[in-house]
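Asker: Quick one, structure39.txt (compact mmCIF, C-alpha atoms and all ligand atoms):
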# COMPACT_ATOMS: atom_id res chain seq x y z
CA MET A 19 0.46 7.59 9.52
CA ALA A 20 3.81 8.19 7.94
CA ARG A 21 5.16 11.53 6.89
CA ILE A 22 6.16 11.42 3.22
CA ILE A 23 9.24 13.43 2.25
CA VAL A 24 10.22 13.99 -1.37
CA VAL A 25 13.82 14.89 -2.15
CA THR A 26 13.59 16.79 -5.40
CA SER A 27 15.36 19.39 -7.55
CA GLY A 28 14.46 19.34 -11.22
CA LYS A 29 18.11 19.30 -12.20
CA GLY A 30 20.21 16.14 -12.13
CA GLY A 31 23.47 15.58 -10.29
CA VAL A 32 22.83 18.12 -7.54
CA GLY A 33 22.83 15.65 -4.64
CA LYS A 34 19.30 14.23 -4.31
CA THR A 35 20.38 10.62 -3.88
CA THR A 36 23.20 11.58 -1.51
CA THR A 37 20.66 13.58 0.49
CA SER A 38 17.96 10.90 0.46
CA ALA A 39 20.39 8.30 1.76
CA ALA A 40 21.76 10.63 4.43
CA ILE A 41 18.50 11.90 5.84
CA ALA A 42 16.80 8.50 5.73
CA MET A 43 19.71 7.08 7.72
CA GLY A 44 19.64 10.08 10.06
CA LEU A 45 15.93 9.71 10.80
CA ALA A 46 16.29 5.95 11.31
CA LYS A 47 19.29 6.33 13.60
CA ARG A 48 17.19 8.55 15.80
CA GLY A 49 14.82 5.67 16.24
CA HIS A 50 12.17 6.49 13.64
CA LYS A 51 11.19 3.64 11.42
CA THR A 52 12.04 4.93 7.96
CA ALA A 53 11.71 3.66 4.39
CA VAL A 54 13.63 5.18 1.51
CA ILE A 55 12.38 4.62 -2.06
CA ASP A 56 14.29 5.05 -5.29
CA PHE A 57 11.96 6.53 -7.92
CA ASP A 58 14.61 6.65 -10.63
CA VAL A 59 13.19 3.89 -12.83
CA GLY A 60 15.82 2.59 -15.23
CA LEU A 61 18.69 4.28 -13.40
CA ARG A 62 18.79 2.59 -10.01
CA ASN A 63 21.44 4.23 -7.79
CA LEU A 64 20.24 4.53 -4.24
CA ASP A 65 21.11 0.86 -3.60
CA LEU A 66 24.77 1.63 -4.33
CA ILE A 67 24.85 4.69 -2.09
CA MET A 68 23.21 2.65 0.69
CA GLY A 69 25.58 -0.27 0.04
CA CYS A 70 22.85 -2.86 -0.51
CA GLU A 71 23.19 -3.36 -4.27
CA ARG A 72 23.90 -7.08 -3.96
CA ARG A 73 20.84 -7.71 -1.86
CA VAL A 74 18.28 -6.37 -4.32
CA VAL A 75 15.97 -9.20 -5.37
CA TYR A 76 12.64 -7.47 -5.93
CA ASP A 77 12.07 -3.82 -6.72
CA PHE A 78 9.41 -1.09 -6.57
CA ILE A 79 7.80 -2.11 -9.89
CA ASN A 80 7.61 -5.76 -8.79
CA VAL A 81 5.59 -4.61 -5.78
CA ILE A 82 3.33 -2.37 -7.88
CA ASN A 83 2.69 -5.23 -10.31
CA GLY A 84 1.96 -7.66 -7.49
CA GLU A 85 4.98 -9.81 -8.38
CA ALA A 86 6.39 -9.47 -4.88
CA SER A 87 5.04 -8.37 -1.52
CA LEU A 88 6.35 -5.23 0.17
CA ASN A 89 8.00 -7.40 2.81
CA GLN A 90 9.85 -9.35 0.16
CA ALA A 91 11.05 -6.22 -1.61
CA LEU A 92 12.07 -4.06 1.34
CA ILE A 93 15.77 -4.42 2.15
CA LYS A 94 16.70 -3.98 5.78
CA ASP A 95 19.74 -1.74 6.13
CA LYS A 96 22.91 -3.42 7.36
CA ASN A 97 23.79 -0.59 9.77
CA CYS A 98 20.42 0.34 11.11
CA PRO A 99 17.47 -2.03 11.62
CA GLN A 100 15.01 0.89 11.60
CA LEU A 101 15.87 1.67 7.98
CA HIS A 102 14.45 -0.09 4.91
CA ILE A 103 15.23 0.45 1.27
CA LEU A 104 12.98 -0.08 -1.75
CA ALA A 105 15.08 -0.23 -4.92
CA ALA A 106 14.12 1.21 -8.29
CA SER A 107 13.43 -1.11 -11.16
CA GLN A 108 15.99 -1.33 -13.96
CA THR A 109 13.24 -1.67 -16.56
CA ARG A 110 13.35 0.66 -19.52
CA ASP A 111 9.58 0.94 -19.56
CA LYS A 112 8.94 4.52 -18.49
CA ASP A 113 5.27 3.88 -17.84
CA ALA A 114 5.94 1.13 -15.34
CA LEU A 115 5.13 3.47 -12.46
CA SER A 116 1.44 4.18 -12.17
CA GLN A 117 -0.09 6.79 -9.90
CA GLU A 118 -2.47 4.23 -8.49
CA GLY A 119 0.31 1.71 -7.88
CA VAL A 120 2.59 4.25 -6.19
CA GLY A 121 -0.29 5.49 -4.06
CA LYS A 122 -1.08 1.97 -2.91
CA VAL A 123 2.54 1.18 -1.97
CA LEU A 124 2.85 4.45 -0.03
CA GLU A 125 -0.41 3.77 1.74
CA ASP A 126 0.73 0.30 2.77
CA LEU A 127 4.10 1.61 3.94
CA SER A 128 2.36 4.36 5.91
CA LYS A 129 0.83 1.79 8.24
CA ASP A 130 4.20 0.60 9.39
CA PHE A 131 6.67 3.44 8.93
CA LYS A 132 7.11 6.86 10.51
CA TYR A 133 8.92 8.48 7.58
CA ILE A 134 8.98 7.63 3.89
CA VAL A 135 11.74 9.33 1.91
CA CYS A 136 11.21 9.48 -1.86
CA ASP A 137 14.38 9.95 -3.90
CA SER A 138 13.18 11.72 -7.03
CA PRO A 139 14.78 11.34 -10.45
CA ALA A 140 15.83 14.46 -12.33
CA GLY A 141 13.46 16.17 -14.72
CA ILE A 142 9.73 16.78 -14.50
CA GLU A 143 8.55 13.59 -16.15
CA ARG A 144 6.52 10.75 -14.72
CA GLY A 145 9.02 9.46 -12.13
CA ALA A 146 9.68 12.92 -10.72
CA HIS A 147 5.99 13.73 -10.76
CA LEU A 148 5.02 10.59 -8.86
CA ALA A 149 7.85 11.02 -6.36
CA MET A 150 6.39 14.37 -5.30
CA TYR A 151 2.69 13.78 -5.90
CA PHE A 152 1.89 12.19 -2.51
CA ALA A 153 4.42 14.19 -0.45
CA ASP A 154 3.81 16.04 2.80
CA ASP A 155 7.23 17.69 2.85
CA ALA A 156 9.61 18.58 0.04
CA PHE A 157 13.36 18.89 0.44
CA VAL A 158 14.40 21.01 -2.51
CA VAL A 159 18.05 20.22 -3.16
CA THR A 160 19.77 23.13 -4.86
CA ASN A 161 23.34 23.93 -5.85
CA PRO A 162 24.50 27.56 -5.75
CA GLU A 163 24.51 27.77 -9.51
CA VAL A 164 22.15 29.40 -12.03
CA SER A 165 20.63 26.38 -13.74
CA SER A 166 20.02 24.55 -10.48
CA VAL A 167 18.29 27.56 -8.89
CA ARG A 168 16.12 28.05 -11.93
CA ASP A 169 15.10 24.38 -11.98
CA SER A 170 14.33 24.47 -8.26
CA ASP A 171 12.02 27.41 -8.80
CA ARG A 172 10.30 25.51 -11.57
CA MET A 173 9.93 22.53 -9.24
CA LEU A 174 8.38 24.75 -6.56
CA GLY A 175 5.70 25.80 -9.04
CA ILE A 176 4.94 22.15 -9.75
CA LEU A 177 4.89 21.22 -6.04
CA SER A 178 2.31 23.89 -5.36
CA SER A 179 0.03 23.05 -8.28
CA LYS A 180 0.40 19.42 -9.32
CA SER A 181 0.53 17.53 -6.03
CA ARG A 182 -2.22 15.58 -4.33
CA ARG A 183 -2.39 18.18 -1.59
CA ALA A 184 -2.89 20.90 -4.20
CA GLU A 185 -5.50 18.92 -6.11
CA GLU A 186 -7.45 18.09 -2.97
CA ASN A 187 -7.18 21.67 -1.66
CA LYS A 188 -5.37 20.52 1.44
CA GLU A 189 -2.66 22.34 3.32
CA PRO A 190 0.20 22.73 0.80
CA ILE A 191 3.37 20.65 0.84
CA LYS A 192 5.93 22.11 3.27
CA GLU A 193 8.95 23.15 1.26
CA TYR A 194 12.49 23.33 2.58
CA LEU A 195 15.71 24.46 0.94
CA LEU A 196 18.81 22.28 1.16
CA LEU A 197 21.72 24.12 -0.39
CA THR A 198 24.39 21.57 -1.28
CA ARG A 199 27.93 21.57 -2.68
CA TYR A 200 28.50 24.97 -1.09
CA SER A 201 31.96 26.52 -1.02
CA PRO A 202 32.19 29.43 1.44
CA GLU A 203 35.60 30.38 0.02
CA ARG A 204 34.22 30.78 -3.48
CA VAL A 205 31.23 32.72 -2.17
CA LYS A 206 33.64 35.07 -0.45
CA LEU A 207 35.52 35.57 -3.70
CA GLY A 208 32.28 36.50 -5.41
CA GLU A 209 32.46 33.42 -7.60
CA MET A 210 29.46 31.59 -6.22
CA LEU A 211 25.92 32.55 -5.25
CA SER A 212 25.61 32.88 -1.48
CA VAL A 213 22.97 31.29 0.77
CA ASP A 214 21.33 34.70 1.06
CA ASP A 215 21.27 35.14 -2.71
CA VAL A 216 19.59 31.78 -3.25
CA GLN A 217 17.12 32.32 -0.43
CA GLU A 218 16.24 35.75 -1.76
CA ILE A 219 15.39 34.25 -5.14
CA LEU A 220 13.57 31.14 -3.98
CA SER A 221 12.16 32.50 -0.68
CA LEU A 222 12.27 29.11 0.99
CA HIS A 223 12.85 28.05 4.54
CA LEU A 224 16.52 27.00 4.78
CA LEU A 225 16.89 23.59 6.38
CA GLY A 226 20.64 23.53 5.96
CA VAL A 227 23.77 24.05 3.91
CA ILE A 228 25.92 21.07 2.94
CA PRO A 229 29.45 22.01 2.00
CA GLU A 230 31.28 20.68 -1.04
CA SER A 231 33.13 17.82 0.58
CA LYS A 232 35.47 14.99 -0.29
CA SER A 233 33.70 12.86 2.27
CA VAL A 234 30.70 12.47 -0.07
CA LEU A 235 32.73 10.59 -2.70
CA ASN A 236 34.42 8.52 0.00
CA ALA A 237 31.03 7.61 1.39
CA SER A 238 29.65 6.59 -1.98
CA ASN A 239 32.79 4.56 -2.73
CA SER A 240 32.17 2.50 0.36
CA GLY A 241 28.38 2.34 0.20
CA MET A 242 27.82 4.13 3.50
CA PRO A 243 25.54 7.19 3.65
CA VAL A 244 27.78 10.17 4.43
CA ILE A 245 25.87 10.92 7.64
CA LEU A 246 27.56 7.85 9.17
CA ASP A 247 30.91 9.61 8.74
CA GLU A 248 30.34 11.64 11.86
CA LYS A 249 33.67 13.42 11.69
CA SER A 250 33.08 14.78 8.20
CA ASP A 251 31.67 18.24 7.53
CA ALA A 252 29.02 16.92 5.13
CA GLY A 253 28.04 14.20 7.62
CA GLN A 254 27.60 16.79 10.36
CA ALA A 255 25.69 19.09 8.04
CA TYR A 256 23.22 16.30 7.29
CA ALA A 257 22.91 15.41 10.98
CA ASP A 258 22.04 19.06 11.69
CA ILE A 259 19.44 18.99 8.94
CA VAL A 260 17.76 15.92 10.42
CA ALA A 261 17.77 17.57 13.87
CA ARG A 262 16.24 20.78 12.50
CA TYR A 263 13.62 18.84 10.58
CA LEU A 264 12.67 17.12 13.84
CA GLY A 265 12.21 20.52 15.43
CA GLU A 266 15.52 21.07 17.20
CA ASN A 267 17.11 24.46 17.16
CA LYS A 268 20.57 24.13 15.62
CA PRO A 269 22.48 27.19 14.46
CA HIS A 270 23.57 27.01 10.83
CA ARG A 271 27.13 25.93 10.14
CA PHE A 272 29.33 25.58 7.06
CA ILE A 273 28.21 28.94 5.69
CA GLU A 274 31.22 31.02 6.69
CA ASP A 275 34.73 30.66 5.38
CA LYS A 276 36.52 29.00 8.29
CA LYS A 277 40.00 30.17 7.42
CA GLY A 278 41.19 32.73 9.92
CA PHE A 279 42.92 36.02 9.35
CA PHE A 280 46.33 34.46 8.82
CA GLY A 281 44.95 32.00 6.30
CA LYS A 282 43.70 34.95 4.30
CA LEU A 283 46.91 36.94 4.64
CA PHE A 284 49.15 34.15 3.50
CA GLY A 285 46.85 32.81 0.85
CA GLY A 286 45.80 29.34 1.96
CA LYS A 287 43.84 27.37 -0.61
CA MET B 5 43.44 34.33 -1.10
CA SER B 6 45.98 37.05 -0.51
CA LEU B 7 45.37 40.43 1.05
CA LEU B 8 45.59 42.00 -2.39
CA ASP B 9 42.93 39.72 -3.83
CA TYR B 10 40.78 40.84 -1.01
CA PHE B 11 40.34 44.27 -2.52
CA LYS B 12 39.92 43.09 -6.07
CA ILE B 13 36.41 41.77 -5.50
CA SER B 14 34.34 44.17 -7.49
CA LYS B 15 30.62 44.67 -7.30
CA THR B 16 30.20 43.01 -10.66
CA SER B 17 31.51 39.66 -9.50
CA SER B 18 30.26 36.69 -11.44
CA ALA B 19 28.01 35.72 -8.52
CA SER B 20 26.19 39.04 -8.52
CA LEU B 21 25.75 38.78 -12.26
CA ALA B 22 24.28 35.31 -11.73
CA LYS B 23 21.91 36.64 -9.11
CA GLU B 24 20.71 39.46 -11.30
CA ARG B 25 20.07 37.18 -14.27
CA LEU B 26 18.22 34.71 -12.07
CA GLN B 27 16.00 37.33 -10.49
CA ILE B 28 14.83 38.56 -13.88
CA LEU B 29 14.37 35.08 -15.32
CA VAL B 30 12.58 33.59 -12.34
CA ALA B 31 10.18 36.53 -12.09
CA HIS B 32 9.34 36.08 -15.75
CA GLU B 33 8.95 32.32 -15.59
CA ARG B 34 6.74 32.42 -12.52
CA VAL B 35 4.06 34.30 -14.42
CA SER B 36 4.45 32.51 -17.70
CA HIS B 37 4.89 28.85 -16.85
CA ASP B 38 1.22 27.93 -16.77
CA GLN B 39 0.37 29.74 -19.94
CA PRO B 40 -0.98 27.78 -22.88
CA SER B 41 1.67 26.94 -25.43
CA TYR B 42 -0.23 28.63 -28.28
CA LEU B 43 0.26 32.07 -26.72
CA PRO B 44 3.42 33.17 -28.57
CA GLN B 45 1.92 32.13 -31.91
CA LEU B 46 -1.34 33.87 -31.09
CA GLN B 47 0.55 37.01 -30.21
CA LYS B 48 2.48 36.90 -33.46
CA GLU B 49 -0.59 36.37 -35.62
CA LEU B 50 -2.52 39.12 -33.87
CA LEU B 51 0.38 41.46 -34.43
CA ASP B 52 0.40 40.62 -38.14
CA VAL B 53 -3.29 41.44 -38.41
CA ILE B 54 -2.98 44.69 -36.47
CA GLN B 55 0.01 45.78 -38.50
CA LYS B 56 -2.13 45.58 -41.63
CA TYR B 57 -4.15 48.48 -40.32
CA VAL B 58 -2.03 50.33 -37.81
CA ASN B 59 1.63 51.12 -37.82
CA VAL B 60 2.72 49.57 -34.54
CA ASP B 61 5.89 47.74 -33.62
CA GLU B 62 6.12 44.35 -31.96
CA ASN B 63 6.34 45.81 -28.47
CA ALA B 64 3.00 47.48 -28.83
CA ILE B 65 1.12 44.30 -28.17
CA SER B 66 1.04 42.21 -25.05
CA VAL B 67 -0.98 39.13 -24.36
CA SER B 68 -1.37 37.81 -20.86
CA PHE B 69 -3.09 34.78 -19.54
CA GLU B 70 -4.50 34.43 -16.07
CA GLN B 71 -6.15 31.58 -14.32
CA ASP B 72 -8.07 31.26 -11.11
CA GLU B 73 -10.44 28.67 -9.77
CA HIS B 74 -13.38 29.96 -11.75
CA GLN B 75 -12.11 31.18 -15.07
CA GLU B 76 -9.28 31.69 -17.46
CA THR B 77 -8.74 35.20 -18.76
CA LEU B 78 -6.85 36.20 -21.85
CA GLU B 79 -5.95 39.85 -21.75
CA LEU B 80 -4.87 41.63 -24.88
CA ASN B 81 -3.25 45.05 -24.77
CA ILE B 82 -2.40 47.07 -27.82
CA THR B 83 -0.76 50.44 -27.50
CA LEU B 84 -1.55 52.57 -30.50
CA PRO B 85 0.91 55.20 -31.67
CA ASP B 86 0.01 58.81 -30.79
CA GLN B 87 -1.19 59.66 -34.25
CA HIS B 88 -2.19 56.39 -35.68
CA LYS B 89 -1.72 56.34 -39.34
CA THR B 90 -3.95 54.08 -41.36
CA PHE B 91 -2.77 52.60 -44.59
N1 LIG C 1 28.23 17.92 -0.76
C1 LIG C 1 28.86 17.33 -1.79
N2 LIG C 1 30.20 17.47 -1.95
C2 LIG C 1 30.83 16.87 -2.98
N3 LIG C 1 30.24 16.09 -3.90
C3 LIG C 1 28.91 15.91 -3.81
C4 LIG C 1 28.15 16.50 -2.76
N4 LIG C 1 26.85 16.14 -2.92
C5 LIG C 1 26.81 15.35 -4.01
N5 LIG C 1 28.05 15.20 -4.56
C6 LIG C 1 28.40 14.41 -5.76
O1 LIG C 1 27.60 14.84 -6.84
C7 LIG C 1 27.25 13.77 -7.68
C8 LIG C 1 25.75 13.70 -7.84
O2 LIG C 1 25.15 13.38 -6.59
P1 LIG C 1 23.77 12.59 -6.51
O3 LIG C 1 23.40 12.53 -5.08
O4 LIG C 1 23.86 11.30 -7.25
O5 LIG C 1 22.83 13.62 -7.28
P2 LIG C 1 21.37 13.41 -7.91
O6 LIG C 1 20.72 12.27 -7.19
O7 LIG C 1 20.69 14.73 -7.66
O8 LIG C 1 21.56 13.15 -9.36
C9 LIG C 1 27.83 12.51 -7.05
O9 LIG C 1 29.03 12.21 -7.71
C10 LIG C 1 28.09 12.93 -5.61
O10 LIG C 1 29.16 12.22 -5.07
MG MG C 2 19.75 10.49 -7.99
Re-express the file's structure as structure tokens.

Answerer:
Amino acid sequence: MARIIVVTSGKGGVGKTTTSAAIAMGLAKRGHKTAVIDFDVGLRNLDLIMGCERRVVYDFINVINGEASLNQALIKDKNCPQLHILAASQTRDKDALSQEGVGKVLEDLSKDFKYIVCDSPAGIERGAHLAMYFADDAFVVTNPEVSSVRDSDRMLGILSSKSRRAEENKEPIKEYLLLTRYSPERVKLGEMLSVDDVQEILSLHLLGVIPESKSVLNASNSGMPVILDEKSDAGQAYADIVARYLGENKPHRFIEDKKGFFGKLFGGK
Amino acid sequence: MSLLDYFKISKTSSASLAKERLQILVAHERVSHDQPSYLPQLQKELLDVIQKYVNVDENAISVSFEQDEHQETLELNITLPDQHKTF
């Protein structure tokens, strides 16, 4: 049986796809057979971030409609044989995803994979709903910013009431906070909500903080999940998150402003 | 950041303002998000009816909706003025 992880947020542009790509790669690199699915019907993006955009032949909807088998549609990652990608359809038909169809695909994948990562679209419409409906774990991606925190809280309400686990009265989805695009310097200046502030409002278990980092754009430019950039701060932050998720005890990093006393005195950037 | 800037950080930084606004909003939305959409209209119409008979202002009435496994409860609270004057 696979563990199904939804990467969700409510708000768009906060880092869900970046996170989905990174943690799927991280889990696979540790030897766990992992599938990552793009639920953003009409706005396929995960393929670009994973660098497999030219190898997409069949997509998620093709599988649901029986136009292709799962094996035909799954794209094996070029860097890691344990990782497989299922691309979103570019159809403009919003109803193309059906609950039954999604459930069947996840069930089939569960036989073969250890982890299934669902990259949710923004919003609370059909795609976002189906991405979270079957989940066991939810990674709630939040930016330290008012609208993102509010939307995350809204999403938490939906996770606890509208999921399969909720409807079947099972143990609720495990929810984790991933605070991304964090700038310790700006927090120190009182310009940005701190980790503690966000945790106090959302009361979620913190899986990790990902700093605002140039390496994320570099990674997406080259179609390599940022976790493969092992020297980068964001890459290390995601590696920590994967380790913590797998039960390792890693102290949190990237929360404090690293600049030393002299940096502060002489006004480094 | 210079040493001088260091002391300029006041308690009312924009981040603390953000936090305060969020705390209020989130607390409110957590109780109200599952409420039926007719509630505000219901509240307004009830107020209109009550105001025909009693001189109350709009804050005198509160409608709340609760839901558990077994039932849905609509609770209506009207605070009458000390000496309620009838028209
Ligand atoms: N930690 C980060 N540092 C800098 N930029 C980031 C970071 N995380 C995400 N981004 C950028 O934010 C934008 C949105 O990210 P994306 O993962 O596509 O968000 P979503 O899937 O939630 O819409 C992208 O341009 C991405 O490069
Ligand atoms: Mg996305």

Asker: Counting all atoms listed in the file, which residues have an atom no more than 8 Å from (31.2, 9.7, 2.4) in the file's coordinates? Please list them as a VMD selection string.

Answerer: chain A and resid 232 to 240 242 to 247 250 253

Asker: Neighbours of ligand MG 2 (chain C) at 8 Å or closer, counting all atoms listed in the file: which residues, as a PDB file with C-alpha atoms, keeping the file's coordinate frame?

Answerer:
ATOM      1  CA  GLY A  30      20.210  16.140 -12.130  1.00  0.00           C
ATOM      2  CA  GLY A  31      23.470  15.580 -10.290  1.00  0.00           C
ATOM      3  CA  GLY A  33      22.830  15.650  -4.640  1.00  0.00           C
ATOM      4  CA  LYS A  34      19.300  14.230  -4.310  1.00  0.00           C
ATOM      5  CA  THR A  35      20.380  10.620  -3.880  1.00  0.00           C
ATOM      6  CA  THR A  36      23.200  11.580  -1.510  1.00  0.00           C
ATOM      7  CA  ASP A  58      14.610   6.650 -10.630  1.00  0.00           C
ATOM      8  CA  ASN A  63      21.440   4.230  -7.790  1.00  0.00           C
ATOM      9  CA  LEU A  64      20.240   4.530  -4.240  1.00  0.00           C
ATOM     10  CA  ASP A 137      14.380   9.950  -3.900  1.00  0.00           C
ATOM     11  CA  SER A 138      13.180  11.720  -7.030  1.00  0.00           C
ATOM     12  CA  PRO A 139      14.780  11.340 -10.450  1.00  0.00           C
ATOM     13  CA  ALA A 140      15.830  14.460 -12.330  1.00  0.00           C
TER      14      ALA A 140
END

Asker: Distance atom CA of B:Ser18-atom CA of A:Thr26, one decimal place?

Answerer: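 Answer for the atom CA of B:Ser18 to atom CA of A:Thr26 separation: 26.7 Å.
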
Asker: To one decimal in Å, tell me the separation between atom O8 of ligand LIG 1 (chain C) and atom CA of A:Val32.

Answerer: 5.4 Å

Asker: So which one's closest to ligand LIG 1 (chain C), A:Ser170, A:Ser116, A:Ser27, A:Gln217? Using all atoms listed in the file, please.

Answerer: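 Ranked by minimum distance to ligand LIG 1 (chain C), first place goes to A:Ser27.
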
Asker: Go through B:Glu73, B:Asn81, B:Glu49, B:Ser66 one by one, measure the shortest atom-to-atom distance of each to chain A using all atoms listed in the file, and give the residue with the smallest value.

Answerer: B:Glu73

Asker: Scan for residues within 10 Å of the point (28.5, 26.4, -1.9) in the coordinates of the file, using only C-alpha atoms, and reply as a list in words.

Answerer: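 Final list of nearby residues, as requested, is Thr160, Asn161, Pro162, Glu163, Leu197, Thr198, Arg199, Tyr200, Ser201, Pro202, Glu203, Arg204, Val205, Glu209, Met210, Leu211, Ser212, Val213, Val227, Ile228, Pro229, Glu230, Phe272 and Ile273 of chain A.
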
Asker: Measuring atom to atom with only C-alpha atoms, identify which of B:Asp86, B:Glu79, B:Asp61, B:Asp72 is nearest to chain A.

Answerer: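 For chain A, the nearest of the given residues is B:Asp72.
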
Asker: Which centre and which edge lengths, in Å to one decimal, describe the axis-aligned box that holds all listed atoms of ligand LIG 1 (chain C) after 4 Å is added on each side, as JSON?

Answerer:
{"center_x": 25.8, "center_y": 14.6, "center_z": -5.1, "size_x": 18.1, "size_y": 14.6, "size_z": 16.6}

Asker: Applying 12 Å and only C-alpha atoms, which residues near B:Arg25 remain after dropping the ones on its own chain fewer than 4 positions away? List them as a CSV table (one decimal) with C-alpha atoms, keeping the file's coordinate frame.

Answerer:
chain,number,residue,atom,x,y,z
A,163,GLU,CA,24.5,27.8,-9.5
A,164,VAL,CA,22.2,29.4,-12.0
A,165,SER,CA,20.6,26.4,-13.7
A,167,VAL,CA,18.3,27.6,-8.9
A,168,ARG,CA,16.1,28.0,-11.9
A,211,LEU,CA,25.9,32.6,-5.2
A,215,ASP,CA,21.3,35.1,-2.7
A,219,ILE,CA,15.4,34.2,-5.1
B,18,SER,CA,30.3,36.7,-11.4
B,19,ALA,CA,28.0,35.7,-8.5
B,20,SER,CA,26.2,39.0,-8.5
B,21,LEU,CA,25.8,38.8,-12.3
B,29,LEU,CA,14.4,35.1,-15.3
B,30,VAL,CA,12.6,33.6,-12.3
B,31,ALA,CA,10.2,36.5,-12.1
B,32,HIS,CA,9.3,36.1,-15.8

Asker: Given all atoms listed in the file as the basis, pick out the residue of A:Val159, A:Leu92, A:Leu207, A:Ile103 nearest to ligand LIG 1 (chain C).

Answerer: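 Looking at the shortest contact to ligand LIG 1 (chain C), the residue is A:Val159.
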
Asker: Would you please work out which residue, of A:Met173, A:Lys188, A:Asp251, A:Val135, is nearest to chain B when using only C-alpha atoms?

Answerer: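 Comparing A:Met173, A:Lys188, A:Asp251, A:Val135 against chain B, the winner is A:Met173.
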
Asker: Please provide as a PyMOL selection string all residues within 9 Å of B:Val60, with the sequence filter that same-chain residues fewer than 4 positions apart are discarded (counting all atoms listed in the file).

Answerer: chain B and resi 51+54-55+64-65+82-85+88
